[in-house]
Each structure stands twice: as structure tokens, then as C-alpha cells.
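work.txt (compact mmCIF, C-alpha atoms)
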# COMPACT_ATOMS: atom_id res chain seq x y z
CA MET C 1 -33.85 2.68 -4.82
CA ALA C 2 -32.51 3.21 -8.30
CA ILE C 3 -34.34 1.52 -11.15
CA GLU C 4 -31.98 -1.11 -12.48
CA THR C 5 -31.77 -1.83 -16.16
CA ASP C 6 -32.61 -5.26 -17.47
CA ALA C 7 -28.97 -5.83 -18.40
CA GLN C 8 -27.89 -4.93 -14.87
CA LEU C 9 -30.49 -7.29 -13.44
CA MET C 10 -29.17 -10.04 -15.66
CA LEU C 11 -25.62 -9.30 -14.50
CA ASN C 12 -26.91 -9.63 -10.93
CA VAL C 13 -28.39 -13.01 -11.87
CA LYS C 14 -24.97 -13.94 -13.23
CA ALA C 15 -23.51 -13.02 -9.82
CA GLY C 16 -25.97 -15.41 -8.13
CA ASP C 17 -28.81 -13.02 -7.25
CA GLU C 18 -32.00 -15.07 -7.68
CA ALA C 19 -34.20 -12.12 -6.68
CA ALA C 20 -32.96 -10.31 -9.81
CA PHE C 21 -34.13 -13.25 -11.90
CA GLU C 22 -37.54 -13.06 -10.20
CA LEU C 23 -37.75 -9.38 -11.20
CA LEU C 24 -36.94 -10.18 -14.84
CA LEU C 25 -39.46 -13.00 -14.74
CA ALA C 26 -42.19 -10.74 -13.36
CA LYS C 27 -41.43 -8.16 -16.03
CA TYR C 28 -41.26 -10.39 -19.09
CA ARG C 29 -43.07 -13.70 -18.49
CA SER C 30 -46.40 -12.34 -19.71
CA ALA C 31 -44.85 -10.90 -22.89
CA VAL C 32 -43.00 -14.13 -23.66
CA VAL C 33 -46.06 -16.34 -23.06
CA LYS C 34 -48.23 -14.06 -25.20
CA PHE C 35 -45.67 -13.94 -28.00
CA ILE C 36 -45.37 -17.72 -28.10
CA TYR C 37 -49.13 -18.16 -27.74
CA ARG C 38 -49.72 -16.02 -30.84
CA MET C 39 -47.09 -18.08 -32.66
CA VAL C 40 -48.32 -21.57 -31.74
CA GLN C 41 -51.95 -20.68 -30.82
CA ASN C 42 -52.10 -23.20 -28.00
CA VAL C 43 -52.17 -22.05 -24.36
CA ALA C 44 -50.59 -25.12 -22.74
CA VAL C 45 -47.83 -25.39 -25.35
CA ALA C 46 -47.15 -21.65 -25.10
CA GLU C 47 -46.60 -21.89 -21.32
CA GLU C 48 -44.38 -24.93 -21.70
CA LEU C 49 -42.24 -23.22 -24.34
CA ALA C 50 -42.08 -19.99 -22.32
CA GLN C 51 -40.74 -22.06 -19.41
CA GLU C 52 -38.07 -23.36 -21.76
CA VAL C 53 -37.15 -19.78 -22.71
CA PHE C 54 -36.60 -18.71 -19.09
CA LEU C 55 -34.82 -21.94 -18.28
CA ARG C 56 -32.36 -21.18 -21.10
CA VAL C 57 -31.95 -17.60 -19.89
CA TYR C 58 -31.13 -18.88 -16.40
CA ARG C 59 -28.72 -21.51 -17.68
CA ALA C 60 -26.98 -18.96 -19.90
CA ARG C 61 -26.41 -16.55 -17.00
CA ALA C 62 -22.75 -17.51 -16.50
CA GLY C 63 -21.85 -16.49 -20.06
CA TYR C 64 -24.12 -13.44 -20.26
CA GLU C 65 -22.56 -10.26 -21.63
CA PRO C 66 -24.72 -7.16 -22.12
CA SER C 67 -23.72 -6.75 -25.77
CA ALA C 68 -27.34 -6.42 -26.99
CA LYS C 69 -30.50 -5.05 -25.43
CA PHE C 70 -31.92 -7.60 -22.97
CA THR C 71 -35.33 -7.70 -24.70
CA THR C 72 -33.65 -8.41 -28.05
CA TRP C 73 -31.70 -11.29 -26.51
CA LEU C 74 -34.83 -12.63 -24.77
CA PHE C 75 -37.03 -12.48 -27.87
CA ARG C 76 -34.28 -14.00 -29.95
CA ILE C 77 -34.34 -17.05 -27.67
CA ALA C 78 -38.15 -17.08 -27.67
CA THR C 79 -38.26 -16.81 -31.48
CA HIS C 80 -35.87 -19.72 -31.93
CA ILE C 81 -37.84 -21.89 -29.52
CA ALA C 82 -41.17 -21.01 -31.16
CA LEU C 83 -39.87 -21.61 -34.70
CA ASN C 84 -38.32 -24.94 -33.64
CA ALA C 85 -41.58 -26.01 -32.04
CA LEU C 86 -43.54 -25.15 -35.20
CA ARG C 87 -41.02 -27.02 -37.34
CA ASP C 88 -41.08 -30.08 -35.07
CA SER C 89 -44.88 -30.15 -34.96
CA ARG C 90 -45.00 -30.22 -38.76
CA LYS C 91 -42.61 -33.16 -38.77
CA GLU C 92 -44.65 -35.23 -36.36
CA ARG C 93 -46.97 -37.55 -38.20
CA GLY C 94 -50.41 -38.27 -36.80
CA ASN C 95 -50.18 -35.66 -34.04
CA GLN C 96 -52.15 -32.48 -33.97
CA SER C 97 -50.14 -29.70 -35.54
CA LEU C 98 -49.38 -26.59 -33.50
CA ASP C 99 -50.64 -24.74 -36.53
CA ALA C 100 -54.10 -26.13 -35.88
CA PRO C 101 -56.30 -23.84 -33.78
CA ASP C 102 -56.54 -24.59 -30.07
CA GLU C 103 -60.27 -25.31 -29.87
CA ASP C 104 -60.09 -26.38 -26.21
CA HIS C 105 -58.91 -22.96 -25.13
CA PRO C 106 -61.02 -20.15 -26.54
CA PRO C 107 -58.66 -17.25 -26.66
CA GLU C 108 -60.77 -14.69 -24.96
CA VAL C 109 -62.68 -14.67 -21.70
CA VAL C 110 -66.35 -15.57 -22.10
CA GLU C 111 -67.46 -13.94 -18.84
CA ARG C 112 -66.88 -10.45 -20.18
CA HIS C 113 -69.82 -10.79 -22.54
CA GLN C 114 -73.29 -10.00 -21.33
CA ASN C 115 -75.03 -12.01 -24.03
CA ILE C 116 -74.13 -15.06 -25.99
CA GLU C 117 -74.87 -13.46 -29.38
CA ALA C 118 -72.25 -10.75 -28.88
CA TYR C 119 -69.80 -13.39 -27.74
CA MET C 120 -70.48 -15.58 -30.78
CA VAL C 121 -69.91 -12.67 -33.18
CA GLU C 122 -66.71 -11.61 -31.45
CA SER C 123 -65.50 -15.17 -31.11
CA SER C 124 -66.07 -15.77 -34.81
CA GLU C 125 -64.20 -12.58 -35.71
CA LEU C 126 -61.30 -13.49 -33.46
CA GLN C 127 -61.11 -16.93 -34.98
CA GLU C 128 -60.86 -15.31 -38.39
CA ILE C 129 -58.04 -13.06 -37.22
CA ARG C 130 -56.21 -16.00 -35.61
CA ARG C 131 -56.59 -18.12 -38.73
CA ALA C 132 -55.39 -15.27 -40.95
CA VAL C 133 -52.23 -14.90 -38.85
CA GLN C 134 -51.81 -18.66 -38.64
CA THR C 135 -51.71 -18.98 -42.42
CA LEU C 136 -48.72 -16.64 -42.66
CA PRO C 137 -45.31 -18.29 -43.14
CA ALA C 138 -43.56 -18.68 -39.76
CA LYS C 139 -41.03 -15.85 -40.22
CA GLN C 140 -43.69 -13.42 -41.42
CA ARG C 141 -45.71 -14.39 -38.36
CA VAL C 142 -42.77 -13.63 -36.05
CA ALA C 143 -42.21 -10.28 -37.74
CA VAL C 144 -45.88 -9.23 -37.48
CA ILE C 145 -46.27 -10.35 -33.85
CA LEU C 146 -43.05 -8.70 -32.65
CA HIS C 147 -43.88 -5.55 -34.62
CA LYS C 148 -47.55 -5.28 -33.70
CA TYR C 149 -47.77 -6.62 -30.14
CA HIS C 150 -44.30 -6.14 -28.67
CA GLU C 151 -43.23 -2.94 -30.39
CA LEU C 152 -39.76 -4.18 -31.24
CA ASP C 153 -38.05 -1.98 -33.80
CA TYR C 154 -36.88 -3.33 -37.18
CA ARG C 155 -33.32 -3.90 -35.94
CA GLN C 156 -34.48 -5.91 -32.93
CA ILE C 157 -36.78 -8.02 -35.11
CA ALA C 158 -33.91 -8.54 -37.54
CA GLU C 159 -31.68 -9.78 -34.70
CA SER C 160 -34.42 -12.10 -33.46
CA LEU C 161 -34.76 -13.60 -36.93
CA ASP C 162 -31.07 -13.54 -37.92
CA CYS C 163 -31.73 -11.40 -40.98
CA SER C 164 -31.25 -7.83 -42.20
CA GLU C 165 -33.50 -4.87 -41.44
CA SER C 166 -34.52 -4.61 -45.09
CA ALA C 167 -35.51 -8.30 -45.01
CA VAL C 168 -37.71 -7.55 -41.99
CA LYS C 169 -39.41 -4.67 -43.82
CA SER C 170 -40.00 -6.98 -46.76
CA LEU C 171 -41.42 -9.71 -44.49
CA LEU C 172 -43.73 -7.17 -42.87
CA PHE C 173 -44.87 -5.78 -46.22
CA ARG C 174 -45.75 -9.24 -47.53
CA ALA C 175 -47.45 -10.24 -44.27
CA TYR C 176 -49.57 -7.08 -44.12
CA GLU C 177 -50.46 -7.48 -47.79
CA THR C 178 -51.70 -11.04 -47.16
CA LEU C 179 -53.60 -9.98 -44.04
CA ARG C 180 -55.14 -7.02 -45.89
CA GLN C 181 -56.66 -9.40 -48.42
CA ARG C 182 -57.78 -11.98 -45.84
CA LEU C 183 -59.23 -9.45 -43.41
CA ALA C 184 -60.61 -6.96 -45.94
CA HIS C 185 -64.16 -7.31 -44.58
CA PHE C 186 -63.00 -6.01 -41.17
CA ALA C 187 -61.96 -2.73 -42.73
CA PRO C 188 -63.93 0.40 -41.76
CA PRO C 189 -66.13 1.84 -44.58
CA SER C 190 -63.59 4.52 -45.52
CA ALA C 191 -60.84 1.93 -45.99
CA THR C 192 -63.21 -0.37 -47.92
CA ALA C 193 -64.02 2.52 -50.24
CA ALA C 194 -60.33 3.17 -50.65
CA VAL C 195 -59.69 -0.49 -51.45
CA ARG C 196 -62.44 -0.38 -54.07
CA GLY C 197 -60.90 2.80 -55.47
CA ASP C 198 -64.11 4.86 -54.90
CA MET F 1 -41.45 7.62 -56.36
CA ASN F 2 -43.15 4.70 -58.09
CA CYS F 3 -45.20 1.76 -56.71
CA GLU F 4 -42.15 -0.51 -56.41
CA GLN F 5 -40.18 2.08 -54.45
CA LEU F 6 -43.14 2.65 -52.17
CA GLU F 7 -43.08 -1.03 -51.13
CA THR F 8 -39.68 -0.56 -49.48
CA VAL F 9 -40.92 2.24 -47.22
CA ALA F 10 -44.62 1.39 -46.88
CA ILE F 11 -44.37 -0.15 -43.40
CA GLU F 12 -42.23 2.70 -42.10
CA TYR F 13 -44.74 5.20 -43.51
CA VAL F 14 -47.65 3.47 -41.76
CA ASP F 15 -45.59 3.28 -38.54
CA GLY F 16 -44.91 7.03 -38.83
CA VAL F 17 -41.13 6.67 -38.58
CA LEU F 18 -40.17 8.13 -41.96
CA ASN F 19 -38.40 11.48 -42.04
CA ALA F 20 -40.26 14.51 -43.40
CA SER F 21 -38.68 14.37 -46.84
CA ALA F 22 -39.40 10.65 -47.41
CA ARG F 23 -42.91 11.09 -46.05
CA ALA F 24 -43.57 13.90 -48.52
CA ASP F 25 -42.35 11.66 -51.36
CA VAL F 26 -44.76 8.91 -50.29
CA GLU F 27 -47.67 11.33 -50.01
CA ARG F 28 -47.03 12.76 -53.48
CA HIS F 29 -47.19 9.21 -54.87
CA LEU F 30 -50.32 8.32 -52.89
CA ALA F 31 -52.07 11.40 -54.25
CA VAL F 32 -51.82 10.02 -57.79
CA CYS F 33 -51.91 6.22 -57.21
CA SER F 34 -55.20 4.83 -55.93
CA ASP F 35 -53.84 1.25 -55.69
CA CYS F 36 -51.04 2.21 -53.32
CA HIS F 37 -53.42 4.48 -51.41
CA ALA F 38 -55.83 1.56 -50.94
CA ARG F 39 -52.99 -0.73 -49.93
CA LEU F 40 -51.72 1.55 -47.18
CA GLU F 41 -55.26 2.19 -45.92
CA GLY F 42 -55.62 -1.59 -45.80
CA PHE F 43 -52.40 -1.91 -43.76
CA ARG F 44 -53.75 0.58 -41.22
CA SER F 45 -57.00 -1.32 -41.06
CA VAL F 46 -55.14 -4.63 -40.49
CA SER F 47 -53.19 -3.02 -37.67
CA VAL F 48 -56.45 -1.90 -35.99
CA THR F 49 -58.04 -5.34 -36.53
CA LEU F 50 -55.09 -7.16 -34.98
CA GLU F 51 -55.54 -5.16 -31.78
CA ARG F 52 -58.73 -7.12 -31.10
CA TRP F 53 -56.74 -10.31 -30.62
CA GLU F 54 -55.90 -10.59 -26.95
CA ALA F 55 -53.69 -13.34 -25.63
CA PRO F 56 -54.38 -15.23 -22.38
CA GLU F 57 -52.67 -14.30 -19.14
CA VAL F 58 -49.96 -16.41 -17.58
CA SER F 59 -51.10 -19.16 -15.22
CA PRO F 60 -50.48 -18.42 -11.50
CA TRP F 61 -48.19 -21.44 -11.04
CA PHE F 62 -45.80 -20.41 -13.84
CA ASN F 63 -43.00 -19.27 -11.49
CA ALA F 64 -43.30 -22.26 -9.16
CA ARG F 65 -43.06 -24.69 -12.08
CA LEU F 66 -40.12 -22.83 -13.52
CA TRP F 67 -38.15 -22.84 -10.25
CA ARG F 68 -38.83 -26.57 -9.90
CA ARG F 69 -37.45 -27.18 -13.40
CA ILE F 70 -34.45 -24.98 -12.68
CA ALA F 71 -33.77 -26.96 -9.47
CA GLU F 72 -34.01 -30.25 -11.39
CA THR F 73 -31.66 -29.19 -14.17
CA GLU F 74 -29.19 -27.63 -11.75
CA ALA F 75 -29.19 -30.85 -9.68
CA ALA F 76 -28.57 -32.94 -12.80
CA ARG F 77 -25.72 -30.66 -13.89
CA TRP F 78 -24.19 -30.76 -10.40
CA HIS F 79 -24.38 -34.59 -10.42
CA TRP F 80 -22.50 -34.89 -13.74
CA ARG F 81 -19.99 -32.21 -12.76
CA THR F 82 -19.25 -34.15 -9.56
CA ILE F 83 -18.77 -37.43 -11.42
CA LEU F 84 -16.57 -35.86 -14.09
CA GLY F 85 -14.63 -33.87 -11.49
CA ALA F 86 -13.95 -37.03 -9.49
CA MET F 87 -12.91 -38.94 -12.60
CA LEU F 88 -10.48 -36.23 -13.62
CA ARG F 89 -8.61 -36.11 -10.29
CA PRO F 90 -4.84 -36.60 -10.87
CA SER F 91 -4.71 -39.69 -8.62
CA TYR F 92 -7.61 -41.32 -10.55
CA VAL F 93 -6.04 -40.50 -13.89
CA ALA F 94 -2.68 -41.94 -12.76
CA ALA F 95 -4.38 -45.12 -11.50
CA LEU F 96 -6.23 -45.48 -14.81
CA ALA F 97 -2.96 -45.04 -16.74
CA VAL F 98 -1.25 -47.73 -14.62
CA MET F 99 -4.18 -50.12 -15.17
CA LEU F 100 -4.04 -49.54 -18.93
CA MET F 101 -0.28 -50.16 -18.99
CA VAL F 102 -0.60 -53.38 -16.99
CA GLY F 103 -3.49 -54.54 -19.16
CA SER F 104 -1.68 -53.89 -22.43
CA LEU F 105 1.46 -55.65 -21.11
CA ALA F 106 -0.64 -58.71 -20.19
CA VAL F 107 -2.22 -58.81 -23.65
CA TRP F 108 1.20 -58.42 -25.32
CA GLN F 109 2.76 -61.27 -23.32
CA GLU F 110 -0.19 -63.71 -23.66
CA PRO F 111 0.88 -65.34 -27.03
CA GLN F 112 4.39 -66.05 -25.67
CA VAL F 113 2.89 -68.01 -22.75
CA ARG F 114 0.77 -70.07 -25.12
CA THR F 115 3.73 -71.06 -27.29
CA VAL F 116 5.30 -73.05 -24.41
CA PRO F 117 4.12 -76.66 -24.81
CA THR F 118 3.18 -78.06 -21.44
CA GLN F 119 1.09 -80.94 -20.25
CA ALA F 120 -1.60 -78.57 -19.11
CA SER F 121 -1.85 -76.97 -22.56
CA SER F 122 -2.18 -80.36 -24.26
CA GLN F 123 -5.08 -81.13 -21.90
CA THR F 124 -6.80 -77.87 -22.71
CA ALA F 125 -6.45 -78.60 -26.42
CA GLN F 126 -8.93 -81.43 -26.01
CA ALA F 127 -11.32 -79.23 -23.99
CA PRO F 128 -13.76 -76.97 -25.91
CA THR F 129 -11.88 -74.04 -27.43
CA ARG F 130 -13.12 -70.43 -27.65
CA VAL F 131 -13.97 -70.95 -31.31
CA ASP F 132 -16.22 -73.86 -30.35
CA GLU F 133 -17.96 -71.67 -27.79
CA VAL F 134 -18.57 -68.96 -30.37
CA TRP F 135 -20.00 -71.47 -32.84
CA ARG F 136 -22.31 -72.85 -30.15
CA VAL F 137 -23.60 -69.35 -29.31
CA ALA F 138 -24.10 -68.62 -33.01
CA ARG F 139 -26.07 -71.85 -33.50
CA ASP F 140 -28.20 -71.04 -30.42
CA TYR F 141 -28.90 -67.57 -31.73
CA GLU F 142 -30.03 -68.91 -35.12
CA LEU F 143 -32.33 -71.38 -33.38
CA LEU F 144 -33.78 -68.79 -31.01
CA SER F 145 -34.26 -66.19 -33.71
CA ASP F 146 -36.57 -68.60 -35.56
CA PHE F 147 -38.95 -68.86 -32.61
CA ASP F 148 -42.29 -67.25 -33.50
CA VAL F 149 -42.91 -66.27 -29.89
CA LEU F 150 -39.74 -64.22 -29.81
CA ALA F 151 -40.63 -62.56 -33.11
CA GLU F 152 -44.05 -61.60 -31.71
CA LEU F 153 -42.47 -60.22 -28.54
CA GLN F 154 -40.06 -58.19 -30.61
CA LYS F 155 -42.92 -56.76 -32.66
CA ASP F 156 -44.97 -55.83 -29.53
CA SER F 157 -42.08 -54.04 -27.91
CA GLY F 158 -41.27 -52.08 -31.06
CA GLY F 159 -38.09 -54.01 -31.74
CA LYS F 160 -36.52 -53.07 -28.42
CA LEU F 161 -35.75 -56.63 -27.25
Taking this structure as input, can you express it in the form of C-alpha cells?
Amino acid sequence: MAIETDAQLMLNVKAGDEAAFELLLAKYRSAVVKFIYRMVQNVAVAEELAQEVFLRVYRARAGYEPSAKFTTWLFRIATHIALNALRDSRKERGNQSLDAPDEDHPPEVVERHQNIEAYMVESSELQEIRRAVQTLPAKQRVAVILHKYHELDYRQIAESLDCSESAVKSLLFRAYETLRQRLAHFAPPSATAAVRGD
Amino acid sequence: MNCEQLETVAIEYVDGVLNASARADVERHLAVCSDCHARLEGFRSVSVTLERWEAPEVSPWFNARLWRRIAETEAARWHWRTILGAMLRPSYVAALAVMLMVGSLAVWQEPQVRTVPTQASSQTAQAPTRVDEVWRVARDYELLSDFDVLAELQKDSGGKL
């Protein structure tokens, strides 16, 4: 059987083929959930928003035209939903912000660790990384996450964020500069020496 | 190349996507600028650090929940489409147009009927008029709106009485 492209699968969905939608779901649900999780840093909210992304994809099937790469279109929807959720959470008074860390759901699996000390150290480091990313402005966060974890190129990130490629490079530069300062103590000795100018 | 120019290509340099000529330009600058050298080393270090952050896997009931939501939204859309489709049938539209025409004719002719002085109309003049009814409702509303109990109820239900 020939390997069908994502765009072809989506065209099959448009023609009423639900199995094609299942294939797209199996291929991309993990990526979408992980992307949104890193944006909102809350497992339950990330799953809920990822459901919204795929619901929109399904509802948009009738008007789908393969004018852009499927992943670009998918992450564009996911980006809009994540940014809207962050904006709405800031507006809500008295409720816990999505920007606040999800303390009920430690991000990593405890069972992997043989001893509690190693887990505590790693957990603390991960919390620092999460907080450093969380403090980035929302668009810088999108750019870093799509660039680092989903390997989208600059053009795809630009389409997801409705901006130019040079704006994406600028967002990434500023984000990495902020993270470099916040996470300087994670740097290997050679990089630390370089930062100090030794 | 100076420090400001390096900023525009720094990410591409770290990603390894610059062409040979641009890469050579960057490397010539890095050889003489320790600040930029430290910055790009820092970017590489950040990239390695970020790899430690794993995200949780999708819950096993993700697909089932999604298909249920899809079924619900599709059912709701089908319901509205059916109602709108039925309302927009030519026979329904024609019937609605006839009803509107008859209604507007009745309203237009109503004052002419009232101008004819009959015994019945003189009797109705002594009966409570519509204006009287409106005044009575207005008075009742003012009275009821002063009740403390109603005000408390309104407060409890968030003003949705």
C-alpha cells in the first residue's frame, strides 16, 4: 500500500473517510498535546485544548484545500488555540492562571528513578527549565517550542504566528538570549568558561 | 560582520543552516568577539538543556472522547440545518409572506373600524382602556420592586430574576 501524504489523508477525510482522520489523529495527537502542554504547562488543559484542535480540523474538512503543508496548518490552529487560552486565563480574575505551574501533575515519571534524591534533583532542574520557558512572552514561547521540539522551519513557524520569517528569527534570538541568562548554571563547564570570557 | 549583524543570523548559525560563505563570516567575527562567542555557546547550551524537558504522553481515552465530541457537534449542526432547511422551504416562505400581508392589512384597517361610533364602542369607553391597564402594571411593578425579599432574591441569583 502506498504511503499517503498528510494532505491526501485530509482530502480523504473531506470525502467522508473517517479512517483517514484516525490515521492523522494517531500521527499527530501526541505532538499537538505536547506542544500545548509546553505552552500552558497543565496536562488536563493541554488535552482539552488538543481535543479542540482536532475538532476544528474535523469541522474544517469540507473547506480544506492543500495549499499549505498539513503540519503547518495543524500547528497554526494549535498555536491560535493555545495563545487564546493563555490570553483568556490572564483575563480571568481569581482563577489559577495557565501560566502558573501545574503542581498536581509532575511533568516527568517518578517511577523511572531508582532513588528519591536523584528524582528530587532532576525534578528541581526540570521545574527551573519549565519556569524559564514560562516566563517568556507567549509568542517567543511558541517560537522556541515549535523550533526546538517540533522541528518546524522558520517559514512554518512564521505561518503559525502570522508574522514574517525575520520576525521569527528575532523572536528566537530574544528567547534564547533570555533563556541563556536564566539557565546559565546548566551550561557545561566549557560554555560557562566561554560566558565568563576565560 | 559586527555584533548587530550577527544577531540576525545567530539562530541559523547555531541550527547549522547557513551557507558556507555566511558561516565563514560568522566564524571570522566569533574569532575576535568573545561576547558573541559566549552568546552562541550559551544558545547551544540552552538547546541541550531544553532537551531534558519531556512532555507527558496522551491519555488512552483521547480518541474516544474526541469522537464523542465530534458526534455531539455533528448532531447539533444537523439539528439546526434541519430546522433552517424546513423553515426555508418555498411553501413555508410563501405561507409566512401571506401571514405577514394579512397581519399588516389588519393593522392598517384597525383605526378605520374604531372611528365608527357604535353602541358597543360607547360601552367599551367606560370599560378599562389599554392605557389604564398599562398604568396598573406600572404601579404594580413599582410596588413589587420595593419588596426587600425580591431584592434579596435578585442578589442571590446574580441579578438573573
Calculate how many Å separate CA of Glu128 (chain C) from CA of Arg52 (chain F), rounding to one decimal.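 CA of Glu128 (chain C) sits 11.2 Å away from CA of Arg52 (chain F).
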Could you please determine the separation between CA of Tyr149 (chain C) and CA of Val17 (chain F) in Å, to one decimal place?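 Separation between CA of Tyr149 (chain C) and CA of Val17 (chain F): 17.1 Å.
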Find the residues in chain F near chain C: any atom within 8 Å counts, using only C-alpha atoms. Write them as a PyMOL selection string. chain F and resi 7-11+34-35+37-39+41-43+45-47+49-50+52-58+62-63+66+69-70
Using CA of Ile157 (chain C) and CA of Ala143 (chain C) as the two end points, give the distance in Å to one decimal.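 Between CA of Ile157 (chain C) and CA of Ala143 (chain C) the gap is 6.4 Å.
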Please determine, counting all atoms listed in the file, which residue among F:Cys3, F:Leu96, F:Ala64, F:Val48 has the shortest atom-to-atom distance to Glu27 (chain F). F:Cys3
F:Met101, F:Pro60, F:Asn2, F:Thr129: which is nearest Ala31 (chain F), counting only C-alpha atoms?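 Of F:Met101, F:Pro60, F:Asn2, F:Thr129, the one nearest Ala31 (chain F), counting only C-alpha atoms, is F:Asn2.
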Considering only C-alpha atoms, return as a ChimeraX atom specification whatever protein or nucleic-acid residues lie within 12 Å of Met10 (chain C), sequence-local ones (same chain, fewer than 2 positions apart) excluded. /C:4-8,12-25,54,57-67,69-71,73-74
